[in-house]
$ cat protein_29.cif   # mmCIF, C-alpha atoms
data_input
loop_
_atom_site.label_atom_id
_atom_site.label_comp_id
_atom_site.auth_asym_id
_atom_site.auth_seq_id
_atom_site.Cartn_x
_atom_site.Cartn_y
_atom_site.Cartn_z
CA MET A 1 19.99 1.74 -55.75
CA ALA A 2 16.73 1.54 -53.83
CA ALA A 3 14.75 3.39 -56.48
CA ALA A 4 15.99 1.21 -59.31
CA GLN A 5 15.42 -2.00 -57.39
CA GLY A 6 11.89 -0.99 -56.55
CA ARG A 7 11.00 -0.15 -60.14
CA LEU A 8 12.53 -3.36 -61.48
CA SER A 9 10.86 -5.69 -59.01
CA ASP A 10 8.19 -6.82 -61.49
CA GLY A 11 10.84 -8.60 -63.55
CA ALA A 12 11.49 -8.97 -67.29
CA ASP A 13 11.12 -12.26 -69.13
CA GLY A 14 11.74 -14.23 -65.95
CA MET A 15 14.07 -11.67 -64.40
CA ASP A 16 12.02 -11.67 -61.20
CA GLU A 17 12.67 -15.36 -60.58
CA ALA A 18 15.93 -14.72 -58.82
CA GLY A 19 18.17 -16.69 -56.53
CA GLU A 20 21.30 -15.83 -54.61
CA GLY A 21 24.04 -15.13 -57.15
CA GLU A 22 24.86 -17.31 -60.13
CA ARG A 23 23.18 -20.66 -60.20
CA ASN A 24 25.58 -23.47 -59.21
CA GLY A 25 28.11 -20.80 -58.20
CA THR A 26 30.63 -18.98 -60.37
CA ASP A 27 33.52 -21.08 -59.05
CA ALA A 28 31.87 -24.24 -60.36
CA ALA A 29 30.95 -22.69 -63.72
CA PRO A 30 32.75 -23.46 -67.01
CA LEU A 31 35.79 -21.34 -67.80
CA PRO A 32 34.12 -19.36 -70.66
CA PHE A 33 31.36 -18.23 -68.30
CA ARG A 34 33.80 -17.34 -65.52
CA THR A 35 35.90 -15.33 -67.98
CA ALA A 36 32.87 -13.42 -69.25
CA VAL A 37 31.69 -12.66 -65.71
CA GLU A 38 35.11 -11.35 -64.71
CA ALA A 39 35.02 -9.01 -67.71
CA LEU A 40 31.66 -7.68 -66.54
CA ARG A 41 32.92 -7.20 -63.00
CA ALA A 42 35.97 -5.28 -64.22
CA ALA A 43 33.96 -2.85 -66.36
CA ARG A 44 33.92 0.84 -65.42
CA PRO A 45 30.98 2.75 -66.97
CA ARG A 46 30.78 6.51 -67.37
CA PRO A 47 30.31 8.43 -64.08
CA GLU A 48 26.57 8.98 -64.46
CA ILE A 49 25.91 5.23 -64.34
CA GLU A 50 25.74 3.44 -61.01
CA LEU A 51 26.34 -0.26 -61.74
CA ASP A 52 25.97 -3.06 -59.20
CA PRO A 53 25.65 -6.86 -59.21
CA THR A 54 22.22 -8.18 -58.35
CA ARG A 55 20.54 -11.55 -57.91
CA ALA A 56 20.47 -13.66 -61.06
CA PRO A 57 17.49 -15.72 -62.29
CA GLN A 58 17.67 -19.44 -61.63
CA ARG A 59 15.39 -20.88 -64.29
CA LEU A 60 16.60 -19.31 -67.53
CA ALA A 61 19.90 -21.17 -67.92
CA PRO A 62 22.30 -23.40 -65.95
CA PHE A 63 24.49 -20.35 -65.23
CA ALA A 64 23.58 -16.67 -64.95
CA HIS A 65 25.07 -13.40 -63.79
CA ALA A 66 23.06 -10.17 -63.40
CA LEU A 67 23.82 -6.47 -63.15
CA GLU A 68 21.56 -3.56 -62.27
CA ALA A 69 22.19 0.04 -63.28
CA THR A 70 20.78 3.49 -62.61
CA VAL A 71 21.55 6.62 -64.64
CA LEU A 72 21.88 9.52 -62.22
CA ASP A 73 21.78 13.29 -62.45
CA GLY A 74 22.85 14.31 -58.98
CA ASP A 75 20.36 12.56 -56.71
CA GLU A 76 17.77 12.07 -59.44
CA ASP A 77 17.23 8.83 -61.36
CA LEU A 78 16.86 9.38 -65.11
CA ALA A 79 16.67 5.72 -66.18
CA ASP A 80 17.37 2.25 -64.87
CA GLY A 81 17.87 -1.25 -66.18
CA ARG A 82 19.02 -4.79 -65.65
CA LEU A 83 21.36 -6.90 -67.78
CA ILE A 84 21.64 -10.68 -67.40
CA LEU A 85 24.30 -12.91 -68.92
CA LEU A 86 23.05 -16.47 -69.43
CA HIS A 87 25.17 -19.51 -70.26
CA ASP A 88 24.22 -23.04 -71.26
CA PRO A 89 27.38 -25.08 -72.01
CA ALA A 90 25.33 -27.50 -74.12
CA GLY A 91 24.09 -24.69 -76.33
CA HIS A 92 20.53 -23.54 -76.87
CA GLU A 93 18.64 -23.99 -80.12
CA ALA A 94 16.69 -20.74 -79.81
CA TRP A 95 19.83 -18.78 -78.95
CA GLN A 96 21.96 -20.31 -81.72
CA GLY A 97 24.82 -20.28 -79.22
CA SER A 98 25.74 -21.00 -75.63
CA PHE A 99 25.45 -17.41 -74.30
CA ARG A 100 22.51 -15.02 -74.21
CA LEU A 101 22.11 -11.47 -72.96
CA VAL A 102 18.72 -10.39 -71.59
CA THR A 103 17.84 -6.82 -70.64
CA LEU A 104 15.18 -4.55 -69.26
CA VAL A 105 15.66 -0.77 -69.63
CA ARG A 106 13.16 1.94 -68.78
CA ALA A 107 12.74 5.66 -68.20
CA GLU A 108 10.04 8.26 -67.70
CA LEU A 109 8.92 10.48 -70.59
CA GLU A 110 6.98 13.61 -71.26
CA PRO A 111 3.44 12.47 -72.18
CA GLU A 112 3.66 14.34 -75.49
CA MET A 113 6.83 12.45 -76.40
CA ALA A 114 5.30 9.12 -75.43
CA ALA A 115 2.53 9.76 -77.98
CA ASP A 116 5.00 9.86 -80.89
CA PRO A 117 4.10 6.85 -83.10
CA LEU A 118 7.75 6.43 -84.16
CA LEU A 119 9.09 6.23 -80.61
CA PRO A 120 9.12 2.39 -80.31
CA ASP A 121 11.05 2.05 -83.59
CA VAL A 122 13.52 4.69 -82.49
CA CYS A 123 14.09 3.04 -79.11
CA TRP A 124 14.68 -0.37 -80.70
CA SER A 125 17.15 1.21 -83.13
CA TRP A 126 19.06 2.57 -80.15
CA LEU A 127 19.75 -0.97 -78.97
CA THR A 128 20.84 -2.34 -82.34
CA GLY A 129 22.71 0.88 -83.11
CA ALA A 130 24.61 0.74 -79.82
CA LEU A 131 25.79 -2.80 -80.62
CA ARG A 132 26.82 -1.85 -84.16
CA ALA A 133 28.61 1.28 -82.96
CA ARG A 134 30.81 -0.91 -80.76
CA GLY A 135 31.54 -3.22 -83.71
CA LEU A 136 29.86 -6.16 -82.00
CA SER A 137 28.65 -9.30 -83.73
CA TYR A 138 25.39 -10.73 -82.43
CA GLY A 139 22.46 -12.86 -83.52
CA GLU A 140 18.85 -13.80 -82.85
CA PRO A 141 17.77 -10.42 -81.44
CA GLY A 142 14.24 -10.08 -80.13
CA GLY A 143 12.25 -7.93 -77.79
CA THR A 144 9.51 -5.42 -77.14
CA VAL A 145 9.22 -1.67 -76.66
CA THR A 146 6.30 -0.68 -74.44
CA ARG A 147 4.79 2.70 -73.64
CA ALA A 148 2.66 3.11 -70.53
CA SER A 149 0.80 6.11 -69.10
CA SER A 150 -0.60 6.65 -65.62
CA HIS A 151 -3.43 9.09 -64.80
CA TYR A 152 -4.42 9.87 -61.24
CA PHE A 153 -7.92 10.37 -59.81
CA GLY A 154 -9.70 11.00 -56.53
CA GLY A 155 -7.31 11.69 -53.69
CA LEU A 156 -4.40 11.42 -56.14
CA ALA A 157 -5.86 13.80 -58.72
CA GLU A 158 -3.30 16.51 -57.99
CA ARG A 159 -0.49 14.32 -59.30
CA PRO A 160 0.53 15.01 -62.89
CA SER A 161 0.11 12.24 -65.44
CA THR A 162 3.24 10.19 -66.08
CA SER A 163 4.48 8.17 -69.04
CA GLN A 164 7.18 5.52 -69.24
CA ILE A 165 9.09 3.76 -72.01
CA GLU A 166 10.35 0.22 -71.46
CA ILE A 167 12.65 -1.92 -73.60
CA ARG A 168 12.80 -5.67 -73.00
CA ALA A 169 15.25 -7.46 -75.27
CA SER A 170 17.65 -10.35 -75.68
CA TRP A 171 20.37 -11.25 -78.14
CA THR A 172 23.14 -13.80 -78.64
CA PRO A 173 26.69 -12.41 -78.35
CA ARG A 174 29.01 -14.12 -80.81
CA GLU A 175 31.71 -16.16 -79.11
CA GLY A 176 35.36 -15.48 -79.70
CA LEU A 177 38.57 -17.23 -78.76
CA GLY A 178 37.95 -20.07 -76.31
CA GLY A 179 34.19 -19.75 -76.74
CA VAL A 180 34.10 -16.48 -74.75
CA PRO A 181 31.97 -13.51 -75.91
CA ASP A 182 33.22 -9.94 -75.61
CA ALA A 183 31.09 -9.36 -72.53
CA ALA A 184 32.73 -6.05 -71.59
CA SER A 185 31.94 -4.49 -74.98
CA HIS A 186 28.36 -5.73 -74.87
CA LEU A 187 28.05 -4.15 -71.43
CA ALA A 188 29.48 -0.90 -72.79
CA ALA A 189 26.91 -0.92 -75.62
CA TRP A 190 24.15 -1.54 -73.08
CA CYS A 191 25.36 1.43 -71.03
CA ASP A 192 25.25 3.53 -74.22
CA LEU A 193 21.58 2.51 -74.59
CA LEU A 194 20.88 3.48 -70.98
CA CYS A 195 22.39 6.91 -71.50
CA GLN A 196 20.41 7.46 -74.69
CA ILE A 197 17.09 6.62 -73.10
CA ALA A 198 18.06 8.82 -70.11
CA GLY A 199 18.63 11.78 -72.43
CA LEU A 200 22.35 12.14 -71.76
CA PRO A 201 24.62 13.43 -74.52
CA PRO A 202 27.10 10.97 -76.07
CA VAL A 203 30.56 10.83 -74.53
CA ALA A 204 32.25 11.86 -77.77
CA PRO A 205 31.52 15.57 -78.33
CA GLY A 206 30.00 16.47 -81.67
CA ASP A 207 28.66 12.99 -82.43
CA ALA A 208 25.54 14.01 -84.32
CA SER A 209 24.75 10.41 -85.26
CA VAL A 210 23.42 9.74 -81.76
CA VAL A 211 19.95 11.08 -80.98
CA THR A 212 18.86 10.92 -77.35
CA LEU A 213 15.62 11.63 -75.55
CA PRO A 214 15.62 15.17 -74.12
CA GLN A 215 15.43 15.65 -70.41
CA ARG A 216 12.05 14.55 -69.12
CA ARG A 217 9.80 15.87 -66.42
CA GLY A 218 9.92 14.28 -63.04
CA PRO A 219 13.02 12.11 -62.61
CA GLN A 220 12.63 10.22 -59.37
CA PRO A 221 14.61 11.25 -56.24
CA ARG A 222 16.63 8.44 -54.76
#
$ encode --input "protein_29.cif" --output "structure tokens"
Amino acid sequence: MAAAQGRLSDGADGMDEAGEGERNGTDAAPLPFRTAVEALRAARPRPEIELDPTRAPQRLAPFAHALEATVLDGDEDLADGRLILLHDPAGHEAWQGSFRLVTLVRAELEPEMAADPLLPDVCWSWLTGALRARGLSYGEPGGTVTRASSHYFGGLAERPSTSQIEIRASWTPREGLGGVPDAASHLAAWCDLLCQIAGLPPVAPGDASVVTLPQRRGPQPR
């Protein structure tokens, strides 16, 4: 996942402040956190998604577990992202719970598509829609959708202009039996978001309710 790791190195809401693995160690973590992490580790996304554990931030919560993903078309990267599960056994006032999910997702776009004034609203609706489609209960959502364009000059003038969409978001997964959130389903919804922003069709054929970005120019070789 060299390409994804390189593009994500600038971090998201503290994502770049990483240590080795979960802070305090998973073995020493409370049972609800360990159960949620095991559910994440057991998840199997659709074949186009390469999913790997990565270093978790140290300063966001007493316990954290992080995953990094790349959406692939052969050897080309269509989109990438990072998902972090945070846990504070004492609860967190801003979260309104003891768990929080934090994400960064991004992909390259055609410049003409990036100029669409409705694009940020559509991209945010993909996140909330993915959670609703999985029947998930969540609270306190927040985030940003950012468009960025790069234009090249001088010795780089031959390069075509590029545009990128980036979603940074967090939400509180509602806790179920034993104080454990349905981490696997939240991960599945996040993978649905990744596939939408990558322009992949939905898994279920004929699902016209899901609108994805079309294939974009210039996916990055791995």
$ axis_aligned_box --input "protein_29.cif" --around "range 179-195 of chain A" --padding-each-side "6 Å" --output "JSON"
{"center_x": 27.5, "center_y": -6.4, "center_z": -73.9, "size_x": 25.3, "size_y": 38.7, "size_z": 17.8}
$ residues_around --input "protein_29.cif" --residues "Trp171 in chain A" --least-positions-apart "6" --cutoff "12 Å" --atoms "all atoms listed in the file" --output "PyMOL selection string"
chain A and resi 83-86+94-103+127-128+131+136-143+186+190
$ residues_around --input "protein_29.cif" --residues "Glu38 in chain A" --least-positions-apart "2" --cutoff "12 Å" --atoms "all atoms listed in the file" --output "compact mmCIF listing (two decimals) with C-alpha atoms, keeping the file's coordinate frame"
# COMPACT_ATOMS: atom_id res chain seq x y z
CA THR A 26 30.63 -18.98 -60.37
CA ASP A 27 33.52 -21.08 -59.05
CA LEU A 31 35.79 -21.34 -67.80
CA PRO A 32 34.12 -19.36 -70.66
CA PHE A 33 31.36 -18.23 -68.30
CA ARG A 34 33.80 -17.34 -65.52
CA THR A 35 35.90 -15.33 -67.98
CA ALA A 36 32.87 -13.42 -69.25
CA LEU A 40 31.66 -7.68 -66.54
CA ARG A 41 32.92 -7.20 -63.00
CA ALA A 42 35.97 -5.28 -64.22
CA ALA A 43 33.96 -2.85 -66.36
CA PRO A 53 25.65 -6.86 -59.21
CA HIS A 65 25.07 -13.40 -63.79
CA LEU A 85 24.30 -12.91 -68.92
CA VAL A 180 34.10 -16.48 -74.75
CA PRO A 181 31.97 -13.51 -75.91
CA ASP A 182 33.22 -9.94 -75.61
CA ALA A 183 31.09 -9.36 -72.53
CA ALA A 184 32.73 -6.05 -71.59
$ closest_residue --input "protein_29.cif" --among "A:Leu60, A:Leu200, A:Ala130, A:Cys123" --to "Glu166 in chain A" --atoms "all atoms listed in the file"
A:Cys123
$ atom_distance --input "protein_29.cif" --atom1 "CA of Asp88 in chain A" --atom2 "CA of Ala189 in chain A"
22.7 Å
$ closest_residue --input "protein_29.cif" --among "A:Ile167, A:Asp80, A:Gly74, A:Arg134" --to "Ser185 in chain A" --atoms "only C-alpha atoms"
A:Arg134
$ atom_distance --input "protein_29.cif" --atom1 "CA of Arg159 in chain A" --atom2 "CA of Asp73 in chain A"
22.5 Å
$ atom_distance --input "protein_29.cif" --atom1 "CA of Arg44 in chain A" --atom2 "CA of Ala29 in chain A"
23.8 Å
$ closest_residue --input "protein_29.cif" --among "A:Ile49, A:Ala61, A:Leu187, A:Val122" --to "Val37 in chain A" --atoms "only C-alpha atoms"
A:Leu187
$ resolve_selection --input "protein_29.cif" --expression "the PyMOL selection byres ((chain A and resi 150) around 10)" --output "PyMOL selection string"
chain A and resi 111+148-149+151-152+159-164
$ closest_residue --input "protein_29.cif" --among "A:Ala69, A:Arg147, A:Ala90, A:Leu104" --to "Leu119 in chain A" --atoms "only C-alpha atoms"
A:Arg147
$ closest_residue --input "protein_29.cif" --among "A:Ala79, A:Pro45, A:Glu50, A:Val145" --to "Leu109 in chain A" --atoms "only C-alpha atoms"
A:Ala79
